[in-house]
Amino acid sequence: MTASLSNDAIARLLERHGRLLVVAGESAFRARAFERAAESVRLYPEPLARLAERGELTSIPGVGEGIAYAISQILATGAFPAHEELTRRIPESVVELTAIPGVGAKTALKLYSTLGIDSLDALESALEAGEIARTMALSARMAETVRAGLAAIRRRTGRTPLGAARPVAEAFLAAFSRARPQDRIALAGSARRWEVTIGDLDFVIASDDIDDTVAALAEIPMLEGQARSGAGEVTGQLPGGIRADITITSPAAWGSALARATGSAAHLERLGGIPDGLASEEAVYVTFGLPWIPPELRAGGQEFARWREIPELVTIDAINGEFHAHTTWSDGGASIVDMARAAASRGYTLLGITDHSQSLGVAGGLNSERLAAQRLEIDAADMTAGVKLLAGAEVEVHRDGTLDYDDETLAALDVVVASLHTGLRQPREELMARLERVLRNPHVDIIAHPSGRLIERREGGDFDWDRAFAIAAETGTALEINADPARLDLDPTLAERASAAGCLITVNCDAHSTSGFAVMEYGVAMARKAWLKPEQILNCWPRERILEWLAARGRSSS
DNA sequence: GCCGTTTTCGGCCCGACTGTTTTCAGTCG
């Protein structure tokens with residue numbers, strides 16, 4: 001039994017197998033089964049080795065007889081037969097190719113079987129040599145798609161999205177606190193500053209006995225490959241392959257150590273060196289004649305000129321409702337009533353129910369008949385738990401800028417959120433013409449996730465933002481900061497520009513379940529990085545004022 | 001491969017868009 005194999009390591013292997021099954025052209029359902037099982041295993045609280053000993057692997061959701069056998073093989077040998085057989089046919093690295101937009105499983109397999117291309121590097125070489133275009137199996141057009149896709153991937157930072165890193169950080173904080181309740185631990189670095197992507201995770205621990213703390217760290221299973229790099233420095237690897245840098249300090253020097261480890265480099269440089277031996281961050285800032293600066297604002301710029309405004313910035317308590325949420329009517333996991341109750345428990349007084357429109361078939365989009373039926377249920381549930389429900393929709397924007405419902409249907413809705421989910425690779429002219437048409441559509445109240453980016457996975461559209469913001473300010477259309485950690489869109493820099501241009505901002509979770517509202521902390525952090533105040537954010541307004549705003553836009557909500 | 005008040009087989013992941021096409025395969029959301 002390989003006791004050292006972590007749940008994360010097992011999950012990674014199952015996930016790689018799932019992805020390889022897709023490329024191999026196996027059943028998409030079988031591939032998904034492996035990916036689902038991997039997700040389930042990664043989050044499983046108990047080491048799988050112990051479950052395997054008890055013969056309880058199939059108690060994990062998504063793990064049946066087949067995958068339980070694979071896991072037992074992985075635990076015993078570090079691999080499993082089906083995976084070894086598959087990798088003999090197709091190298092694992094071929095999966096890399098499918099990261100290129102426009103290259104799916106079939107094309108990746110074709111590239112491998114006809115040209116032996118088994119990685120992005122090999123693909124780039126073949127492209128340089130002109131092999132792609134010369135090969136009869138692949139057209140010149142394909143070569144161009146590949147070239148553009150490779151360039152987009154090379155532009156990626158290779159950093160970890162915040163939404164992947166923070167849950168890992170929180171799990172580690174909890175695990176350490178259980179092991180060493182007498183020590184104090186905090187997250188530091190870019191994750192504490194709510195940067196959209198992070199390079200590694202930094203932690204600071206205050207301890208009266210550094211050696212004891214180091215020994216306790218060695219006992220935490222989720223921190224692998226630990227090394228002591230200095231008297232009070234420990235490094236290691238956390239789930240997802242994220243590097244952890246841990247600084248251990250005395251309680252008396254906690255403030256100095258935390259401020260240093262939090263950064264940013266530009267912020268520290270502007271401060272001009274953190275004094276040693278201060279017990280709190282407040283004490284650190286006092287020496288510079290400053291109040292405590294919240295981590296998300298430590299960018300090395302405006303915080304030194306605008307610190308007096310900090311108490312006025314938006315906080316999570318100022319959020320009074322949301323305009324973008326899904327239910328089981330389309331691709332959500334909770335009913336209208338359950339979503340309303342979850343909203344109420346967050347102190348909201350208003351919630352827009354905005355399921356997908358008809359052309360987004362994969363998400364179970366509603367045609368106008370089902371939309372009308374849904375309104376009956378929304379109206380019946382209105383004021384459930386004291387929350388005003390708006391019968392809205394997240395409406396697809398077609399490639400020509402027209403919307404997915406006719407004017408009559410749109411006019412009957414309480415709120416219309418418009419989204420571009422497809423055709424984001426259109427050239428700037430087309431994309432802008434399309435966006436302008438949406439912004440000038442009198443039925444549209446809010447533009448959801450305006451750029452369409454998926455962090456580290458897909459770049460946003462090539463919009464002319466200054467022009468877009470000017471039009472949005474003119475039409476009064478609100479622009480969303482989507483709090484989903486996979487999106488964080490608008491980005492804080494764009495949100496700040498939009499607000500400066502006079503645009504109204506709204507921060508929404510795009511919740512697909514009752515737990516989906518938890519990501520609001522990300523959205524608020526982004527809004528704070530953009531130096532936004534509640535007045536500038538539509539869903540911080542009192543309910544009556546929001547309803548007046550909607551009414552003034554021709555909305556019928558009562 | 002997993003799952004189940006739809007329960008041991010058959011559904012799960014549908015439909016639009018694009019161009020690798022010219023009657024349909026591949027990709028994407």
# chains A, B, ... in the order shown; residues from 1 in each chain; ligands from 1

call {"tool": "select_by_dssp", "arguments": {"residues": "stretch 137-195 of chain A", "states": "strand (DSSP E)", "output": "ChimeraX atom specification"}}
result
/A:160-161,184-188

call {"tool": "residues_around", "arguments": {"residues": "stretch 17-19 of chain B", "least_positions_apart": "2", "cutoff": "12 Å", "atoms": "only C-alpha atoms (C1' of nucleotides)", "output": "list in words"}}
result
Gly102, Ser139, Ala140, Arg141, Met142, Thr145, Ser359, His398, Arg399, Thr422 and Gly423 of chain A; DG15, DT21, DT22, DC24, DA25, DG26, DT27, DC28 and DG29 of chain B

call {"tool": "write_last_selection", "arguments": {"atoms": "N, CA, C and O atoms (P, O5', C5', C4', C3', O3' and C1' of nucleotides)", "output": "compact mmCIF listing (two decimals), in the first residue's frame"}}
result
# COMPACT_ATOMS: atom_id res chain seq x y z
N GLY A 102 -10.62 25.48 -31.13
CA GLY A 102 -10.78 24.98 -32.48
C GLY A 102 -10.18 23.59 -32.67
O GLY A 102 -10.40 22.95 -33.69
N SER A 139 -5.91 21.33 -43.55
CA SER A 139 -5.89 22.44 -44.49
C SER A 139 -5.06 23.61 -43.99
O SER A 139 -4.63 23.66 -42.84
N ALA A 140 -4.86 24.58 -44.86
CA ALA A 140 -4.15 25.80 -44.48
C ALA A 140 -4.95 26.56 -43.43
O ALA A 140 -4.40 27.19 -42.54
N ARG A 141 -6.26 26.48 -43.52
CA ARG A 141 -7.14 27.15 -42.56
C ARG A 141 -6.91 26.60 -41.16
O ARG A 141 -6.87 27.32 -40.17
N MET A 142 -6.77 25.28 -41.11
CA MET A 142 -6.52 24.61 -39.82
C MET A 142 -5.20 25.10 -39.24
O MET A 142 -5.09 25.35 -38.04
N THR A 145 -5.74 28.36 -37.59
CA THR A 145 -6.43 28.19 -36.30
C THR A 145 -5.45 27.76 -35.22
O THR A 145 -5.44 28.27 -34.11
N SER A 359 -31.99 29.65 -27.01
CA SER A 359 -30.97 29.11 -27.92
C SER A 359 -29.79 28.48 -27.19
O SER A 359 -28.97 27.81 -27.81
N HIS A 398 -27.47 37.09 -30.15
CA HIS A 398 -27.08 36.41 -31.39
C HIS A 398 -25.90 37.14 -32.03
O HIS A 398 -25.53 38.24 -31.63
N ARG A 399 -25.32 36.51 -33.05
CA ARG A 399 -24.12 37.08 -33.67
C ARG A 399 -24.36 38.43 -34.34
O ARG A 399 -23.42 39.18 -34.60
N THR A 422 -21.47 33.14 -27.23
CA THR A 422 -20.87 32.56 -28.44
C THR A 422 -20.32 33.66 -29.32
O THR A 422 -20.67 34.83 -29.19
N GLY A 423 -19.44 33.26 -30.23
CA GLY A 423 -18.91 34.20 -31.22
C GLY A 423 -18.03 35.27 -30.62
O GLY A 423 -17.92 36.38 -31.16
P DG B 15 -32.11 19.49 -28.99
O5' DG B 15 -31.34 20.71 -29.66
C5' DG B 15 -31.34 21.96 -29.00
C4' DG B 15 -30.35 22.87 -29.67
C3' DG B 15 -30.49 22.94 -31.19
O3' DG B 15 -30.35 24.29 -31.54
C1' DG B 15 -28.26 22.41 -30.62
P DT B 21 -12.38 19.38 -45.66
O5' DT B 21 -13.88 19.17 -45.23
C5' DT B 21 -14.79 20.06 -45.57
C4' DT B 21 -16.19 19.62 -45.68
C3' DT B 21 -16.60 19.57 -47.13
O3' DT B 21 -16.79 18.21 -47.53
C1' DT B 21 -17.99 21.09 -45.89
P DT B 22 -16.88 18.01 -49.08
O5' DT B 22 -18.33 18.53 -49.47
C5' DT B 22 -19.50 17.93 -48.90
C4' DT B 22 -20.73 18.54 -49.54
C3' DT B 22 -20.78 18.40 -51.05
O3' DT B 22 -21.94 17.66 -51.45
C1' DT B 22 -21.18 20.67 -50.38
P DC B 24 -25.61 13.99 -45.41
O5' DC B 24 -24.26 14.63 -44.85
C5' DC B 24 -22.98 14.01 -45.10
C4' DC B 24 -21.97 14.50 -44.09
C3' DC B 24 -22.24 14.07 -42.64
O3' DC B 24 -21.03 13.57 -42.11
C1' DC B 24 -21.88 16.41 -42.74
P DA B 25 -21.09 12.69 -40.80
O5' DA B 25 -19.71 13.14 -40.17
C5' DA B 25 -18.55 13.27 -40.99
C4' DA B 25 -17.58 14.24 -40.35
C3' DA B 25 -17.28 13.93 -38.89
O3' DA B 25 -15.88 14.13 -38.72
C1' DA B 25 -18.18 16.12 -39.08
P DG B 26 -15.20 13.83 -37.33
O5' DG B 26 -15.07 15.28 -36.71
C5' DG B 26 -14.30 16.27 -37.37
C4' DG B 26 -14.39 17.55 -36.59
C3' DG B 26 -14.17 17.39 -35.08
O3' DG B 26 -13.10 18.23 -34.74
C1' DG B 26 -16.11 18.70 -35.52
P DT B 27 -12.59 18.34 -33.23
O5' DT B 27 -13.35 19.63 -32.72
C5' DT B 27 -13.16 20.86 -33.40
C4' DT B 27 -14.02 21.92 -32.77
C3' DT B 27 -13.90 21.98 -31.23
O3' DT B 27 -13.38 23.26 -30.89
C1' DT B 27 -16.18 22.06 -31.96
P DC B 28 -13.04 23.62 -29.38
O5' DC B 28 -14.36 24.39 -28.94
C5' DC B 28 -14.82 25.47 -29.76
C4' DC B 28 -16.17 25.92 -29.23
C3' DC B 28 -16.19 26.06 -27.71
O3' DC B 28 -16.47 27.41 -27.39
C1' DC B 28 -18.09 24.82 -28.51
P DG B 29 -16.19 27.95 -25.92
O5' DG B 29 -17.65 28.17 -25.37
C5' DG B 29 -18.57 28.99 -26.09
C4' DG B 29 -19.96 28.71 -25.60
C3' DG B 29 -20.09 28.78 -24.07
O3' DG B 29 -21.25 29.51 -23.72
C1' DG B 29 -20.90 26.72 -24.85

call {"tool": "select_by_dssp", "arguments": {"residues": "stretch 58-156 of chain A", "states": "alpha helix (DSSP H)", "output": "ChimeraX atom specification"}}
result
/A:65-77,81-89,105-115,120-128,131-134,140-154

call {"tool": "interface_residues", "arguments": {"of": "chain A", "to": "chain B", "cutoff": "9 Å", "atoms": "only C-alpha atoms (C1' of nucleotides)", "output": "MDAnalysis selection string"}}
result
chainID A and resid 28:34 62:67 101:107 137:139 141:142 359:364 421:423

call {"tool": "write_last_selection", "arguments": {"atoms": "N, CA, C and O atoms", "output": "tab-separated table (two decimals), in the first residue's frame"}}
result
chain	number	residue	atom	x	y	z
A	28	ALA	N	-18.13	9.51	-24.41
A	28	ALA	CA	-18.02	10.77	-23.66
A	28	ALA	C	-18.56	10.59	-22.24
A	28	ALA	O	-18.11	11.23	-21.31
A	29	PHE	N	-19.51	9.66	-22.10
A	29	PHE	CA	-20.10	9.44	-20.79
A	29	PHE	C	-19.12	8.75	-19.85
A	29	PHE	O	-19.05	9.06	-18.67
A	30	ARG	N	-18.32	7.84	-20.43
A	30	ARG	CA	-17.33	7.14	-19.62
A	30	ARG	C	-16.26	8.15	-19.19
A	30	ARG	O	-15.82	8.17	-18.05
A	31	ALA	N	-15.86	9.01	-20.14
A	31	ALA	CA	-14.85	10.02	-19.83
A	31	ALA	C	-15.34	10.93	-18.71
A	31	ALA	O	-14.62	11.24	-17.77
A	32	ARG	N	-16.59	11.35	-18.83
A	32	ARG	CA	-17.16	12.23	-17.81
A	32	ARG	C	-17.22	11.56	-16.45
A	32	ARG	O	-17.06	12.18	-15.42
A	33	ALA	N	-17.49	10.24	-16.48
A	33	ALA	CA	-17.56	9.49	-15.22
A	33	ALA	C	-16.22	9.59	-14.48
A	33	ALA	O	-16.19	9.79	-13.27
A	34	PHE	N	-15.11	9.45	-15.23
A	34	PHE	CA	-13.79	9.56	-14.60
A	34	PHE	C	-13.55	10.98	-14.08
A	34	PHE	O	-13.00	11.17	-13.01
A	62	GLY	N	-20.03	9.15	-7.30
A	62	GLY	CA	-19.40	9.08	-8.62
A	62	GLY	C	-18.39	7.95	-8.75
A	62	GLY	O	-17.80	7.77	-9.80
A	63	VAL	N	-18.17	7.21	-7.67
A	63	VAL	CA	-17.25	6.07	-7.72
A	63	VAL	C	-18.06	4.78	-7.62
A	63	VAL	O	-18.73	4.55	-6.61
A	64	GLY	N	-18.02	4.00	-8.69
A	64	GLY	CA	-18.71	2.70	-8.69
A	64	GLY	C	-17.69	1.58	-8.64
A	64	GLY	O	-16.52	1.81	-8.29
A	65	GLU	N	-18.11	0.39	-9.03
A	65	GLU	CA	-17.22	-0.76	-8.97
A	65	GLU	C	-15.95	-0.56	-9.81
A	65	GLU	O	-14.84	-0.85	-9.38
A	66	GLY	N	-16.14	-0.05	-11.03
A	66	GLY	CA	-15.02	0.09	-11.97
A	66	GLY	C	-13.95	1.04	-11.46
A	66	GLY	O	-12.75	0.71	-11.45
A	67	ILE	N	-14.37	2.22	-11.06
A	67	ILE	CA	-13.40	3.22	-10.62
A	67	ILE	C	-12.84	2.85	-9.25
A	67	ILE	O	-11.67	3.12	-8.96
A	101	PRO	N	-8.17	26.52	-28.90
A	101	PRO	CA	-9.54	26.73	-29.39
A	101	PRO	C	-9.64	26.28	-30.85
A	101	PRO	O	-8.79	26.65	-31.67
A	102	GLY	N	-10.62	25.48	-31.13
A	102	GLY	CA	-10.78	24.98	-32.48
A	102	GLY	C	-10.18	23.59	-32.67
A	102	GLY	O	-10.40	22.95	-33.69
A	103	VAL	N	-9.40	23.16	-31.73
A	103	VAL	CA	-8.85	21.80	-31.78
A	103	VAL	C	-9.54	20.95	-30.71
A	103	VAL	O	-9.41	21.22	-29.52
A	104	GLY	N	-10.30	20.00	-31.17
A	104	GLY	CA	-10.97	19.10	-30.25
A	104	GLY	C	-10.30	17.75	-30.26
A	104	GLY	O	-9.18	17.60	-30.75
A	105	ALA	N	-11.01	16.77	-29.74
A	105	ALA	CA	-10.45	15.43	-29.62
A	105	ALA	C	-10.06	14.85	-30.98
A	105	ALA	O	-8.99	14.27	-31.14
A	106	LYS	N	-10.94	15.01	-31.97
A	106	LYS	CA	-10.71	14.39	-33.27
A	106	LYS	C	-9.46	14.96	-33.94
A	106	LYS	O	-8.64	14.23	-34.49
A	107	THR	N	-9.33	16.29	-33.89
A	107	THR	CA	-8.18	16.93	-34.53
A	107	THR	C	-6.89	16.57	-33.80
A	107	THR	O	-5.87	16.31	-34.43
A	137	ALA	N	-4.00	16.00	-44.82
A	137	ALA	CA	-5.09	15.76	-43.87
A	137	ALA	C	-5.57	17.05	-43.22
A	137	ALA	O	-6.65	17.12	-42.67
A	138	LEU	N	-4.72	18.08	-43.29
A	138	LEU	CA	-5.08	19.31	-42.59
A	138	LEU	C	-4.92	20.51	-43.52
A	138	LEU	O	-3.90	20.68	-44.15
A	139	SER	N	-5.91	21.33	-43.55
A	139	SER	CA	-5.89	22.44	-44.49
A	139	SER	C	-5.06	23.61	-43.99
A	139	SER	O	-4.63	23.66	-42.84
A	141	ARG	N	-6.26	26.48	-43.52
A	141	ARG	CA	-7.14	27.15	-42.56
A	141	ARG	C	-6.91	26.60	-41.16
A	141	ARG	O	-6.87	27.32	-40.17
A	142	MET	N	-6.77	25.28	-41.11
A	142	MET	CA	-6.52	24.61	-39.82
A	142	MET	C	-5.20	25.10	-39.24
A	142	MET	O	-5.09	25.35	-38.04
A	359	SER	N	-31.99	29.65	-27.01
A	359	SER	CA	-30.97	29.11	-27.92
A	359	SER	C	-29.79	28.48	-27.19
A	359	SER	O	-28.97	27.81	-27.81
A	360	LEU	N	-29.71	28.68	-25.86
A	360	LEU	CA	-28.65	27.99	-25.13
A	360	LEU	C	-29.17	26.62	-24.70
A	360	LEU	O	-29.46	26.37	-23.54
A	361	GLY	N	-29.28	25.74	-25.69
A	361	GLY	CA	-29.90	24.44	-25.48
A	361	GLY	C	-29.21	23.61	-24.42
A	361	GLY	O	-29.85	22.93	-23.62
A	362	VAL	N	-27.88	23.67	-24.40
A	362	VAL	CA	-27.12	22.86	-23.47
A	362	VAL	C	-27.47	23.19	-22.03
A	362	VAL	O	-27.38	22.35	-21.15
A	363	ALA	N	-27.87	24.42	-21.80
A	363	ALA	CA	-28.19	24.84	-20.44
A	363	ALA	C	-29.69	24.78	-20.17
A	363	ALA	O	-30.17	25.32	-19.19
A	364	GLY	N	-30.42	24.14	-21.06
A	364	GLY	CA	-31.86	24.01	-20.86
A	364	GLY	C	-32.60	25.32	-20.99
A	364	GLY	O	-33.53	25.59	-20.21
A	421	HIS	N	-22.49	34.54	-25.20
A	421	HIS	CA	-21.83	33.28	-24.85
A	421	HIS	C	-21.10	32.69	-26.05
A	421	HIS	O	-20.27	31.82	-25.91
A	422	THR	N	-21.47	33.14	-27.23
A	422	THR	CA	-20.87	32.56	-28.44
A	422	THR	C	-20.32	33.66	-29.32
A	422	THR	O	-20.67	34.83	-29.19
A	423	GLY	N	-19.44	33.26	-30.23
A	423	GLY	CA	-18.91	34.20	-31.22
A	423	GLY	C	-18.03	35.27	-30.62
A	423	GLY	O	-17.92	36.38	-31.16

call {"tool": "closest_residue", "arguments": {"among": "A:Asp211, A:Leu479, A:Glu394, A:Ile336", "to": "A:Leu376", "atoms": "only C-alpha atoms"}}
result
A:Ile336

call {"tool": "residues_around", "arguments": {"residues": "A:Trp254", "least_positions_apart": "2", "cutoff": "9 Å", "atoms": "only C-alpha atoms (C1' of nucleotides)", "output": "ChimeraX atom specification"}}
result
/A:204-206,248-252,256-259,277-281

call {"tool": "atom_distance", "arguments": {"atom1": "atom CA of A:Leu14", "atom2": "atom CA of A:Ser59"}}
result
16.9 Å

call {"tool": "closest_residue", "arguments": {"among": "A:Arg545, A:Arg370, A:Arg555, A:Lys388", "to": "A:Gly347", "atoms": "only C-alpha atoms"}}
result
A:Lys388

call {"tool": "residues_around", "arguments": {"residues": "stretch 178-180 of chain A", "least_positions_apart": "2", "cutoff": "9 Å", "atoms": "only C-alpha atoms (C1' of nucleotides)", "output": "ChimeraX atom specification"}}
result
/A:173-176,182-184,213,216-217,219-220
